[in-house]
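> Here you go, this is entry.tsv (TSV, C-alpha atoms).
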```
chain	number	residue	atom	x	y	z
A	90	MET	CA	26.30	13.54	-93.63
A	91	PHE	CA	28.69	13.15	-96.51
A	92	SER	CA	30.91	16.09	-97.35
A	93	ARG	CA	30.34	18.26	-100.39
A	94	LEU	CA	32.74	20.31	-102.44
A	95	VAL	CA	31.54	23.78	-103.24
A	96	PHE	CA	33.56	26.05	-105.47
A	97	GLY	CA	33.24	29.74	-104.64
A	98	LEU	CA	30.13	30.00	-102.49
A	99	GLY	CA	29.98	33.75	-102.93
A	100	LEU	CA	27.41	35.05	-105.38
A	101	LEU	CA	29.92	35.60	-108.13
A	102	SER	CA	29.37	36.99	-111.57
A	103	ALA	CA	29.89	33.49	-112.90
A	104	THR	CA	28.55	30.26	-111.41
A	105	ALA	CA	29.54	28.26	-108.34
A	106	LEU	CA	29.14	24.57	-108.98
A	107	VAL	CA	28.95	21.45	-106.89
A	108	HIS	CA	29.34	18.07	-108.53
A	109	PRO	CA	25.78	16.77	-109.14
A	110	ALA	CA	26.57	13.31	-107.82
A	111	LEU	CA	27.26	14.83	-104.43
A	112	ALA	CA	23.80	16.34	-104.17
A	113	ALA	CA	21.71	13.78	-106.03
A	114	ASP	CA	20.53	11.99	-102.91
A	115	ALA	CA	19.76	15.09	-100.82
A	116	ARG	CA	16.11	14.88	-99.87
A	117	THR	CA	15.54	18.46	-98.79
A	118	LEU	CA	16.92	20.62	-101.57
A	119	GLN	CA	15.25	23.94	-102.22
A	120	ILE	CA	16.02	26.62	-104.78
A	121	ILE	CA	15.91	30.32	-103.88
A	122	VAL	CA	15.98	33.02	-106.56
A	123	SER	CA	16.63	36.64	-105.55
A	124	LYS	CA	15.33	39.12	-108.11
A	125	ASP	CA	17.16	42.02	-106.42
A	126	ARG	CA	20.52	40.26	-106.73
A	127	GLN	CA	19.69	38.35	-109.93
A	128	SER	CA	21.07	35.24	-108.28
A	129	LEU	CA	20.05	31.67	-107.57
A	130	ALA	CA	21.14	29.53	-104.61
A	131	VAL	CA	20.52	25.82	-104.06
A	132	TYR	CA	20.17	24.86	-100.40
A	133	ASP	CA	20.34	21.50	-98.68
A	134	GLY	CA	18.95	22.48	-95.31
A	135	THR	CA	20.86	25.62	-94.34
A	136	GLU	CA	23.88	24.71	-96.47
A	137	VAL	CA	24.40	26.41	-99.82
A	138	ILE	CA	25.58	23.77	-102.29
A	139	ALA	CA	25.47	25.75	-105.55
A	140	THR	CA	24.97	29.31	-106.77
A	141	SER	CA	24.56	31.05	-110.11
A	142	LYS	CA	23.74	34.34	-111.70
A	143	VAL	CA	20.33	34.51	-113.41
A	144	SER	CA	18.19	36.87	-115.46
A	145	THR	CA	14.53	37.21	-114.50
A	146	GLY	CA	11.71	38.99	-116.32
A	147	LYS	CA	12.12	42.51	-117.65
A	148	ASP	CA	9.56	45.33	-117.37
A	149	GLY	CA	6.26	44.26	-118.85
A	150	HIS	CA	7.16	40.57	-118.40
A	151	THR	CA	8.01	40.50	-114.69
A	152	THR	CA	8.81	37.15	-113.11
A	153	PRO	CA	6.26	36.64	-110.31
A	154	SER	CA	7.56	36.40	-106.75
A	155	GLY	CA	6.26	33.62	-104.55
A	156	ILE	CA	6.38	29.94	-103.65
A	157	PHE	CA	6.56	27.37	-106.44
A	158	SER	CA	7.81	23.85	-107.08
A	159	VAL	CA	9.17	22.04	-110.11
A	160	LEU	CA	6.16	20.61	-111.94
A	161	GLU	CA	7.76	19.17	-115.07
A	162	LYS	CA	11.23	18.70	-116.56
A	163	GLN	CA	12.25	18.56	-120.23
A	164	LYS	CA	15.81	18.50	-121.54
A	165	TYR	CA	14.65	20.35	-124.63
A	166	HIS	CA	11.55	22.51	-124.76
A	167	GLU	CA	10.30	25.20	-127.10
A	168	SER	CA	8.26	28.13	-125.86
A	169	ASN	CA	4.55	27.96	-126.57
A	170	LEU	CA	4.29	31.73	-126.16
A	171	TYR	CA	7.32	33.24	-127.87
A	172	SER	CA	7.88	31.91	-131.41
A	173	ALA	CA	9.08	28.46	-130.30
A	174	ALA	CA	12.12	29.99	-128.58
A	175	PRO	CA	14.41	27.20	-127.33
A	176	MET	CA	14.35	26.52	-123.55
A	177	PRO	CA	16.90	23.72	-122.91
A	178	PHE	CA	16.91	21.97	-119.53
A	179	MET	CA	13.52	23.44	-118.76
A	180	GLN	CA	12.05	23.03	-115.27
A	181	ARG	CA	8.45	24.25	-115.22
A	182	LEU	CA	7.15	26.25	-112.24
A	183	THR	CA	3.64	27.10	-113.47
A	184	TRP	CA	1.42	25.73	-116.19
A	185	SER	CA	0.91	29.33	-117.32
A	186	GLY	CA	4.47	29.60	-118.62
A	187	ILE	CA	7.03	30.36	-115.88
A	188	ALA	CA	10.11	28.10	-115.81
A	189	LEU	CA	13.80	27.78	-115.03
A	190	HIS	CA	15.84	27.12	-118.19
A	191	GLU	CA	19.18	27.49	-119.94
A	192	SER	CA	19.93	30.58	-121.99
A	193	ASN	CA	22.95	31.94	-123.86
A	194	SER	CA	21.97	35.43	-122.67
A	195	VAL	CA	22.21	35.83	-118.89
A	196	PRO	CA	23.41	39.42	-118.36
A	197	ARG	CA	22.53	39.37	-114.64
A	198	TYR	CA	19.82	41.96	-114.99
A	199	PRO	CA	16.13	41.43	-115.84
A	200	ALA	CA	16.07	40.39	-119.50
A	201	SER	CA	13.63	37.50	-119.96
A	202	HIS	CA	9.94	37.31	-120.82
A	203	GLY	CA	9.13	36.06	-117.30
A	204	CYS	CA	11.21	32.90	-116.93
A	205	VAL	CA	14.40	32.54	-114.91
A	206	ARG	CA	17.36	32.24	-117.31
A	207	MET	CA	20.49	30.36	-116.21
A	208	PRO	CA	23.91	29.79	-117.83
A	209	GLY	CA	24.18	26.56	-119.78
A	210	ALA	CA	26.56	24.60	-117.55
A	211	PHE	CA	24.62	25.46	-114.41
A	212	ALA	CA	21.21	24.76	-115.98
A	213	LYS	CA	22.40	21.30	-117.01
A	214	MET	CA	23.85	20.57	-113.58
A	215	LEU	CA	20.73	21.79	-111.78
A	216	TYR	CA	18.56	19.66	-114.05
A	217	GLY	CA	20.47	16.59	-112.87
A	218	MET	CA	20.06	17.51	-109.18
A	219	THR	CA	16.32	18.05	-109.00
A	220	GLU	CA	13.13	16.02	-109.02
A	221	PRO	CA	9.52	17.16	-109.55
A	222	GLY	CA	8.23	18.71	-106.36
A	223	ILE	CA	11.44	20.44	-105.25
A	224	PRO	CA	10.49	23.87	-103.80
A	225	VAL	CA	11.48	27.01	-105.69
A	226	ILE	CA	11.22	30.35	-103.88
A	227	ILE	CA	11.37	33.53	-105.98
A	228	SER	CA	11.75	36.59	-103.76
A	229	ASP	CA	12.07	40.30	-104.33
A	230	GLY	CA	15.03	40.40	-101.92
A	231	GLU	CA	17.46	37.80	-100.64
A	232	VAL	CA	16.02	35.31	-98.12
A	233	VAL	CA	17.78	32.49	-96.27
A	234	PRO	CA	16.16	29.42	-94.64
A	235	GLN	CA	16.61	29.37	-90.87
A	236	PRO	CA	15.98	26.60	-88.31
A	237	ILE	CA	12.74	27.11	-86.41
A	238	ASP	CA	11.27	25.20	-83.49
A	239	HIS	CA	7.62	25.88	-82.65
A	240	PRO	CA	4.89	23.71	-81.11
A	241	THR	CA	2.51	24.41	-84.00
A	242	LEU	CA	4.88	22.66	-86.43
A	243	PHE	CA	4.43	18.92	-86.93
A	244	HIS	CA	6.67	16.17	-85.60
A	245	PRO	CA	6.39	12.37	-85.55
A	246	GLU	CA	4.84	10.76	-82.50
A	247	ALA	CA	7.56	9.13	-80.43
A	248	PRO	CA	6.96	5.38	-79.97
A	249	ALA	CA	5.73	4.24	-76.56
A	250	PRO	CA	8.52	2.86	-74.38
A	251	MET	CA	8.76	-0.93	-74.37
A	252	LEU	CA	8.14	-2.82	-71.13
A	253	LEU	CA	11.51	-4.23	-70.06
A	254	LEU	CA	12.06	-7.33	-67.97
A	255	SER	CA	13.84	-5.15	-65.39
A	256	ASP	CA	10.55	-3.29	-64.85
A	257	VAL	CA	8.77	-6.47	-63.70
A	258	GLU	CA	8.81	-7.79	-60.16
A	259	LEU	CA	10.09	-11.37	-60.37
A	260	ARG	CA	8.26	-14.22	-58.69
A	261	PRO	CA	10.33	-16.55	-56.49
A	262	SER	CA	12.23	-19.05	-58.63
A	263	MET	CA	12.44	-21.70	-55.87
A	264	PRO	CA	9.18	-23.42	-54.94
A	265	ASP	CA	8.02	-23.47	-51.35
A	266	SER	CA	6.88	-27.05	-51.70
A	267	PRO	CA	8.66	-29.80	-53.62
A	268	GLY	CA	6.87	-31.08	-56.66
A	269	ILE	CA	5.37	-27.68	-57.60
A	270	PRO	CA	6.64	-26.42	-60.98
A	271	VAL	CA	9.03	-23.48	-60.93
A	272	GLN	CA	7.46	-20.20	-62.15
A	273	VAL	CA	9.61	-17.64	-63.93
A	274	ALA	CA	8.32	-14.10	-64.58
A	275	MET	CA	8.38	-13.16	-68.28
A	276	ASN	CA	6.83	-10.63	-70.59
A	277	ASP	CA	3.88	-12.56	-71.96
A	278	THR	CA	3.89	-11.21	-75.49
A	279	ALA	CA	1.26	-13.70	-76.61
A	280	ALA	CA	-1.21	-12.40	-74.03
A	281	MET	CA	-0.43	-8.72	-74.60
A	282	PRO	CA	-2.69	-7.17	-77.26
A	283	MET	CA	-0.70	-5.68	-80.13
A	284	PRO	CA	-1.94	-2.41	-81.64
A	285	ALA	CA	-3.77	-3.19	-84.83
A	286	ALA	CA	-2.58	-1.62	-88.06
A	287	PRO	CA	-5.13	0.73	-89.61
A	288	PRO	CA	-7.21	-0.93	-92.33
A	289	LEU	CA	-5.82	-0.47	-95.81
A	290	ALA	CA	-8.82	1.58	-96.85
A	291	ALA	CA	-8.08	4.12	-94.08
A	292	ARG	CA	-4.44	4.68	-95.02
A	293	GLU	CA	-3.47	7.65	-97.10
A	294	PRO	CA	-2.52	6.92	-100.73
A	295	GLY	CA	1.12	6.91	-101.78
A	296	PRO	CA	4.37	5.67	-100.30
A	297	PRO	CA	4.70	6.61	-96.60
A	298	SER	CA	8.18	8.08	-97.17
A	299	GLU	CA	7.03	10.47	-99.91
A	300	PRO	CA	6.85	14.08	-98.67
A	301	ILE	CA	3.59	15.99	-98.47
A	302	SER	CA	2.85	19.66	-99.07
A	303	MET	CA	0.50	21.68	-96.86
A	304	LEU	CA	-1.18	25.07	-97.00
A	305	ILE	CA	-2.70	26.91	-94.03
A	306	THR	CA	-4.82	29.84	-95.09
A	307	ARG	CA	-8.04	31.68	-94.40
A	308	ARG	CA	-11.28	30.00	-95.33
A	309	THR	CA	-12.87	31.24	-98.49
A	310	LEU	CA	-16.43	30.97	-99.77
A	311	ARG	CA	-15.53	27.56	-101.21
A	312	GLU	CA	-14.60	26.07	-97.82
A	313	THR	CA	-17.65	27.69	-96.20
A	314	ILE	CA	-19.98	26.10	-98.76
A	315	ILE	CA	-18.29	22.70	-98.36
A	316	ASP	CA	-18.89	22.89	-94.61
A	317	ILE	CA	-22.50	23.95	-95.07
A	318	GLN	CA	-23.13	21.15	-97.57
A	319	ALA	CA	-21.59	18.48	-95.33
A	320	LEU	CA	-23.43	19.60	-92.20
A	321	LEU	CA	-26.79	20.07	-93.95
A	322	ASN	CA	-26.44	16.53	-95.29
A	323	GLN	CA	-25.84	15.31	-91.74
A	324	LEU	CA	-28.98	17.16	-90.67
A	325	GLY	CA	-31.00	15.44	-93.43
A	326	PHE	CA	-31.37	18.31	-95.91
A	327	SER	CA	-29.90	16.64	-99.08
A	328	ALA	CA	-27.47	19.42	-100.01
A	329	GLY	CA	-25.61	17.34	-102.62
A	330	ASP	CA	-21.93	16.40	-102.73
A	331	PRO	CA	-19.71	18.69	-100.60
A	332	ASP	CA	-17.95	20.25	-103.59
A	333	GLY	CA	-18.02	23.95	-102.71
A	334	LEU	CA	-20.44	24.75	-105.56
A	335	LEU	CA	-23.87	26.32	-105.16
A	336	GLY	CA	-25.79	23.83	-107.27
A	337	PRO	CA	-29.60	23.43	-107.23
A	338	SER	CA	-29.57	20.84	-104.41
A	339	THR	CA	-27.40	23.04	-102.19
A	340	VAL	CA	-29.45	26.17	-102.85
A	341	GLN	CA	-32.69	24.36	-102.07
A	342	ALA	CA	-31.28	22.83	-98.88
A	343	ILE	CA	-30.13	26.27	-97.67
A	344	LYS	CA	-33.51	27.84	-98.40
A	345	THR	CA	-35.33	25.05	-96.59
A	346	PHE	CA	-33.01	25.36	-93.58
A	347	LYS	CA	-33.64	29.13	-93.42
A	348	THR	CA	-37.40	28.68	-93.80
A	349	LEU	CA	-37.47	26.52	-90.68
A	350	ARG	CA	-35.65	29.27	-88.71
A	351	PRO	CA	-37.15	32.58	-89.89
A	352	ALA	CA	-36.26	34.54	-86.74
A	353	GLU	CA	-32.53	33.88	-87.12
A	354	PHE	CA	-32.38	35.25	-90.67
A	355	VAL	CA	-34.41	38.46	-90.48
A	356	GLY	CA	-32.73	41.00	-92.76
A	357	ASP	CA	-30.17	38.49	-94.06
A	358	ARG	CA	-30.54	38.77	-97.83
A	359	SER	CA	-27.43	36.73	-98.71
A	360	LEU	CA	-27.81	33.09	-99.62
A	361	VAL	CA	-24.53	32.25	-97.86
A	362	SER	CA	-23.40	34.34	-94.89
A	363	ASP	CA	-21.58	34.12	-91.58
A	364	ALA	CA	-24.98	33.97	-89.91
A	365	LEU	CA	-25.96	30.92	-91.98
A	366	LEU	CA	-22.67	29.17	-91.22
A	367	GLY	CA	-23.06	29.86	-87.50
A	368	GLU	CA	-26.64	28.55	-87.41
A	369	VAL	CA	-25.72	25.39	-89.35
A	370	TYR	CA	-22.81	24.74	-86.96
A	371	ALA	CA	-25.10	25.28	-83.97
A	372	ALA	CA	-27.79	22.98	-85.36
A	373	ALA	CA	-25.17	20.25	-85.89
A	374	GLY	CA	-23.75	20.74	-82.39
A	375	LYS	CA	-20.35	21.78	-83.72
A	376	GLY	CA	-19.78	24.97	-81.71
A	377	GLU	CA	-18.15	28.01	-83.32
A	378	PRO	CA	-17.21	27.65	-87.01
A	379	PRO	CA	-13.50	27.82	-87.84
A	380	ASN	CA	-12.03	30.64	-89.91
A	381	GLY	CA	-9.06	28.79	-91.41
A	382	VAL	CA	-8.26	25.64	-93.34
A	383	ILE	CA	-5.29	23.31	-93.79
A	384	MET	CA	-4.99	21.53	-97.14
A	385	VAL	CA	-2.70	18.57	-97.79
A	386	ARG	CA	-1.33	17.28	-101.10
A	387	ARG	CA	1.10	14.54	-102.07
A	388	ALA	CA	2.62	14.03	-105.52
A	389	PHE	CA	0.57	17.02	-106.77
A	390	LYS	CA	-2.73	15.37	-105.73
A	391	PRO	CA	-5.06	16.48	-102.91
A	392	ILE	CA	-5.25	14.09	-99.94
A	393	PHE	CA	-7.55	15.92	-97.53
A	394	GLU	CA	-8.34	19.26	-95.95
A	395	ALA	CA	-9.54	20.17	-92.47
A	396	PRO	CA	-10.58	23.29	-90.53
A	397	VAL	CA	-8.17	25.26	-88.32
A	398	THR	CA	-8.67	28.38	-86.21
A	399	ILE	CA	-6.76	31.63	-86.74
A	400	ALA	CA	-6.66	34.00	-83.76
A	401	ASP	CA	-6.87	37.78	-84.33
A	402	PRO	CA	-8.25	37.43	-87.88
A	403	GLY	CA	-7.99	41.16	-88.47
A	404	LEU	CA	-4.19	40.86	-88.40
A	405	ALA	CA	-2.46	39.55	-91.52
A	406	LEU	CA	-0.72	36.18	-91.21
A	407	GLY	CA	1.87	37.08	-93.81
A	408	THR	CA	3.52	34.59	-96.16
A	409	HIS	CA	5.79	31.97	-94.63
A	410	PHE	CA	7.31	28.79	-96.04
A	411	PHE	CA	8.64	25.82	-94.08
A	412	THR	CA	10.62	22.78	-95.18
A	413	LEU	CA	11.03	19.62	-93.10
A	414	HIS	CA	14.76	18.93	-93.28
A	415	ALA	CA	15.05	15.84	-91.06
A	416	VAL	CA	12.89	13.55	-88.92
A	417	ASP	CA	13.91	11.41	-85.96
A	418	GLU	CA	11.15	8.83	-85.51
A	419	THR	CA	12.73	7.38	-82.37
A	420	ALA	CA	12.99	10.71	-80.56
A	421	GLY	CA	9.78	12.10	-82.06
A	422	THR	CA	11.55	15.24	-83.31
A	423	ALA	CA	11.55	17.16	-86.58
A	424	ASP	CA	13.97	19.79	-87.90
A	425	TRP	CA	12.04	22.53	-89.71
A	426	LEU	CA	13.47	25.43	-91.70
A	427	GLY	CA	11.50	28.63	-92.22
A	428	ILE	CA	11.44	31.59	-94.62
A	429	THR	CA	9.29	34.72	-94.48
A	430	LEU	CA	8.51	36.43	-97.79
A	431	GLU	CA	7.46	40.02	-98.17
A	432	ASN	CA	3.70	40.16	-98.54
A	433	ASN	CA	1.91	42.65	-100.76
A	434	LEU	CA	-1.81	42.73	-100.00
A	435	SER	CA	-3.84	45.28	-101.91
A	436	ARG	CA	-6.49	47.34	-100.16
A	437	GLU	CA	-9.14	45.39	-102.02
A	438	THR	CA	-7.69	42.07	-100.86
A	439	MET	CA	-7.45	43.25	-97.26
A	440	LYS	CA	-11.05	44.41	-97.34
A	441	ARG	CA	-12.23	41.12	-98.84
A	442	LEU	CA	-10.35	39.11	-96.19
A	443	GLY	CA	-11.33	41.37	-93.30
A	444	ILE	CA	-7.71	42.34	-92.60
A	445	THR	CA	-7.22	45.71	-90.91
A	446	ASN	CA	-3.52	45.40	-90.04
A	447	GLN	CA	-0.77	44.03	-92.28
A	448	GLU	CA	1.96	44.34	-89.62
A	449	SER	CA	2.90	40.63	-89.60
A	450	SER	CA	3.45	40.62	-93.34
A	451	ILE	CA	6.81	42.34	-93.02
A	452	VAL	CA	10.09	40.46	-93.06
A	453	THR	CA	11.70	42.09	-90.00
A	454	GLY	CA	11.13	40.96	-86.42
A	455	ARG	CA	9.63	37.53	-85.66
A	456	PRO	CA	6.50	37.39	-87.86
A	457	ILE	CA	7.02	33.66	-88.48
A	458	ALA	CA	6.64	32.77	-84.78
A	459	ARG	CA	3.76	35.20	-84.25
A	460	SER	CA	1.81	33.67	-87.14
A	461	LEU	CA	2.41	30.10	-85.97
A	462	THR	CA	1.25	30.99	-82.45
A	463	ARG	CA	-2.08	32.27	-83.80
A	464	ILE	CA	-2.93	28.97	-85.52
A	465	THR	CA	-4.78	26.19	-83.67
A	466	ILE	CA	-4.93	22.78	-85.35
A	467	PRO	CA	-7.37	20.12	-83.99
A	468	GLU	CA	-5.58	17.16	-82.41
A	469	GLU	CA	-7.23	14.64	-84.74
A	470	THR	CA	-5.96	16.58	-87.76
A	471	ARG	CA	-2.52	16.95	-86.20
A	472	ARG	CA	-2.21	13.20	-85.60
A	473	ARG	CA	-3.27	12.45	-89.15
A	474	ILE	CA	-0.66	14.80	-90.59
A	475	GLU	CA	2.10	13.65	-88.26
A	476	ALA	CA	1.60	10.12	-89.57
A	477	LEU	CA	2.28	11.43	-93.10
A	478	ILE	CA	5.24	13.80	-92.77
A	479	ALA	CA	8.61	12.82	-94.23
A	480	PRO	CA	11.82	14.72	-95.01
A	481	GLY	CA	11.10	17.20	-97.78
A	482	SER	CA	7.53	17.90	-96.63
A	483	THR	CA	6.57	21.57	-96.86
A	484	LEU	CA	4.12	23.96	-95.23
A	485	THR	CA	2.97	27.32	-96.59
A	486	ILE	CA	1.12	29.90	-94.49
A	487	SER	CA	-0.66	32.55	-96.51
A	488	ASP	CA	-3.58	34.95	-96.17
A	489	THR	CA	-4.65	34.70	-99.79
A	490	GLY	CA	-5.81	31.08	-100.16
A	491	LEU	CA	-5.32	28.90	-103.20
A	492	GLY	CA	-3.48	30.88	-105.86
A	493	ARG	CA	-4.87	30.93	-109.37
A	494	ASP	CA	-1.91	28.84	-110.54
A	495	THR	CA	-2.68	26.10	-108.01
A	496	GLY	CA	-4.60	23.33	-109.71
A	497	ASP	CA	-4.39	19.81	-111.05
A	498	GLY	CA	-0.78	18.67	-111.23
A	499	THR	CA	0.68	21.32	-108.91
A	500	ASP	CA	1.67	21.80	-105.31
A	501	PHE	CA	0.39	24.91	-103.52
A	502	ILE	CA	1.53	27.94	-105.53
A	503	THR	CA	1.50	31.27	-103.69
A	504	ILE	CA	2.11	34.51	-105.58
A	505	THR	CA	3.35	37.39	-103.43
A	506	ARG	CA	3.97	39.81	-106.28
A	507	GLY	CA	2.70	39.36	-109.82
```
Show how you would write the structure in this file as structure tokens.

Amino acid sequence: MFSRLVFGLGLLSATALVHPALAADARTLQIIVSKDRQSLAVYDGTEVIATSKVSTGKDGHTTPSGIFSVLEKQKYHESNLYSAAPMPFMQRLTWSGIALHESNSVPRYPASHGCVRMPGAFAKMLYGMTEPGIPVIISDGEVVPQPIDHPTLFHPEAPAPMLLLSDVELRPSMPDSPGIPVQVAMNDTAAMPMPAAPPLAAREPGPPSEPISMLITRRTLRETIIDIQALLNQLGFSAGDPDGLLGPSTVQAIKTFKTLRPAEFVGDRSLVSDALLGEVYAAAGKGEPPNGVIMVRRAFKPIFEAPVTIADPGLALGTHFFTLHAVDETAGTADWLGITLENNLSRETMKRLGITNQESSIVTGRPIARSLTRITIPEETRRRIEALIAPGSTLTISDTGLGRDTGDGTDFITITRG
């Protein structure tokens, strides 16, 4: 790795700069904003390469805490919300109005209307370092990415060892009888079947080296309906496209399915329930239904999603964020970095999600390893994801599902404090 010059890595009242050319080719940059310290740090892996003071949102206009990414960049932007206020070197974090941008007023205490203000020289430098998709973590307190190794995290599949000539028993090179051609043992590559490349239609869209973003969370009503639609279609009930919406075709298919099994739904007045999901899974021969989901996006576009299982569902998973810093395809290894953010689940949210204990939402201890251990990912899904990962890929674990700011043209946005 090339060396970098960093001037004053302490979180000074001014700004610590690194020359942008030195960081322009770093593939795993992430930005971490601490609201408690009113500071911003740029990391390449575990190395701090730039720091600055900032000003986040004041009372009544609080900057949300959570997991974001840069969605859009504009060298000059005017606020759509606050009288066309200038926002030079703007880097958008949400389509609802939160951004990083330059300001001539950065007093290092909360002073903005929700955005993260930065001094001019630093804002310009940071603008030149980043690309859309770079993660931005805004935390209540200071957090630092740490290396983490866990079997639940993804890694590339190591290539099968090649058959070497030294592994083959050689035939005699001298013939027993004159006139018989000499035979020499060789690896017959023409006769050995080569693994076929997957058909183009089966490959995931986008360049293979482009990072992906992933979210593991609890299943919501949307994922439950998608499962029910897909399985009812397989059973011949014409439930419509698996879109997670209770349209007329889906409603009719569910009612017909229940009518054919009246004993199983005595007293069940809900159209969609755990009982319905269990019966549909049983009818399709799928065993127990999962209670979690993994979603995958690349370049702000959904690729696929698949079920996962979360053990001890009454215990909160917490909010954890992982960045893939480096991949060794030959060794089949991956260097992941992890951060745990303080989680703030309301009583209403805990009741809705069936959570009775929020212990693993705290930052102390080893909540990151405990949460990873509780997640089981099907092997087929794991292989599919491991064929996609690249440096800069990210994984979020959260109890609360798709945030309201997650949508078209975003990665997975998780709000931990509004």
> One decimal, in Å: what's the spacing between CA of Gly149 in chain A and CA of Cys204 in chain A?
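Distance between the two atoms: 12.5 Å.
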> Within 7 Å of range 474-493 of chain A, which residues of range 361-425 of chain A come that close, and what is the closest atom pair and distance in Å for each? Count all atoms listed in the file and give it as CSV.

```
residue,atom,partner,partner_atom,distance
A:Ala405,CA,A:Asp488,CA,6.6
A:Leu406,CA,A:Asp488,CA,5.9
A:Gly407,CA,A:Ser487,CA,5.8
A:Thr408,CA,A:Ser487,CA,4.7
A:His409,CA,A:Ile486,CA,5.1
A:Phe410,CA,A:Thr485,CA,4.6
A:Phe411,CA,A:Leu484,CA,5.0
A:Thr412,CA,A:Thr483,CA,4.5
A:Leu413,CA,A:Ser482,CA,5.3
A:His414,CA,A:Pro480,CA,5.4
A:Ala415,CA,A:Pro480,CA,5.2
A:Val416,CA,A:Pro480,CA,6.3
```
> So that I can check the surroundings of Asp148 in chain A, please list as a VMD selection string every protein, DNA and RNA residue that reaches within 9 Å of it, counting all atoms listed in the file and ignoring chain neighbours fewer than 4 positions away.
chain A and resid 199 to 200 202
> Calculated over all atoms listed in the file, which of the candidates A:Pro236, A:Pro196, A:Gly203, A:Pro351 has the smallest distance to Leu365 in chain A?
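For Leu365 in chain A, the nearest of the candidates is A:Pro351.
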> Nearest residue to Thr219 in chain A out of A:Ile301, A:Ile120, A:Ala247, A:Val361, using all atoms listed in the file?
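Smallest separation from Thr219 in chain A among the options: A:Ile120.
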> Could you work out how far CA of Gln163 in chain A lies from CA of Ala130 in chain A, giving the answer in Å with one decimal?
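These atoms are spaced 21.1 Å apart.
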> Using all atoms listed in the file, find the one residue out of A:Val397, A:Ile392, A:Ala352, A:Leu324 that sits nearest to Glu377 in chain A.
A:Val397
> Using CA of Ala388 in chain A and CA of Ile156 in chain A as the two end points, give the distance in Å to one decimal.
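These atoms are spaced 16.5 Å apart.
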> Counting all atoms listed in the file, which of A:Asp401, A:Met214, A:Glu368, A:Ala373 gets nearest to Arg350 in chain A?
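Closest to Arg350 in chain A, using all atoms listed in the file: A:Glu368.
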> Could you pull out every residue with an atom within 9 Å of (-21.5, 21.5, -103.2), file coordinates, counting only C-alpha atoms, and send them as a ChimeraX atom specification?
/A:311,314-315,317-319,328-336,338-339
> Create the file for the chosen residues now, containing C-alpha atoms and written as a short mmCIF file (atom, residue, chain, number, x, y, z; two decimals), in the frame of the given file.

```cif
data_model
loop_
_atom_site.label_atom_id
_atom_site.label_comp_id
_atom_site.auth_asym_id
_atom_site.auth_seq_id
_atom_site.Cartn_x
_atom_site.Cartn_y
_atom_site.Cartn_z
CA ARG A 311 -15.53 27.56 -101.21
CA ILE A 314 -19.98 26.10 -98.76
CA ILE A 315 -18.29 22.70 -98.36
CA ILE A 317 -22.50 23.95 -95.07
CA GLN A 318 -23.13 21.15 -97.57
CA ALA A 319 -21.59 18.48 -95.33
CA ALA A 328 -27.47 19.42 -100.01
CA GLY A 329 -25.61 17.34 -102.62
CA ASP A 330 -21.93 16.40 -102.73
CA PRO A 331 -19.71 18.69 -100.60
CA ASP A 332 -17.95 20.25 -103.59
CA GLY A 333 -18.02 23.95 -102.71
CA LEU A 334 -20.44 24.75 -105.56
CA LEU A 335 -23.87 26.32 -105.16
CA GLY A 336 -25.79 23.83 -107.27
CA SER A 338 -29.57 20.84 -104.41
CA THR A 339 -27.40 23.04 -102.19
#
```
> Could you check the closest approach to Ala139 in chain A for each of A:Met218, A:Val159, A:Thr241, A:Thr495 and tell me which residue wins, using all atoms listed in the file?
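Of all the options, A:Met218 lies closest to Ala139 in chain A.
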> Name the closest residue to Met179 in chain A among the candidates A:Ile383, A:Leu349, A:Val205, A:Val195; distances are taken between atoms, counting all atoms listed in the file.
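Of the candidates, the smallest distance to Met179 in chain A is held by A:Val205.
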> When you look at Asp417 in chain A with a cut-off of 9 Å (counting all atoms listed in the file), what residues show up, excluding the ones that are within fewer than 6 positions of it in the same chain? I need them as a PDB file with C-alpha atoms, in the frame of the given file.

```pdb
ATOM      1  CA  HIS A 244       6.670  16.170 -85.600  1.00  0.00           C
ATOM      2  CA  PRO A 245       6.390  12.370 -85.550  1.00  0.00           C
ATOM      3  CA  ALA A 247       7.560   9.130 -80.430  1.00  0.00           C
ATOM      4  CA  ALA A 423      11.550  17.160 -86.580  1.00  0.00           C
ATOM      5  CA  ASP A 424      13.970  19.790 -87.900  1.00  0.00           C
TER       6      ASP A 424
END
```
> For Leu442 in chain A, please output as a list of chain:residue names all residues within 10 Å (counting only C-alpha atoms; exclusion window: fewer than 3 positions along the same chain).
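So the residues in contact are A:Arg307, A:Arg308, A:Thr309, A:Pro402, A:Gly403, A:Ala405, A:Arg436, A:Glu437, A:Thr438, A:Met439, A:Thr445, A:Asp488, A:Thr489.
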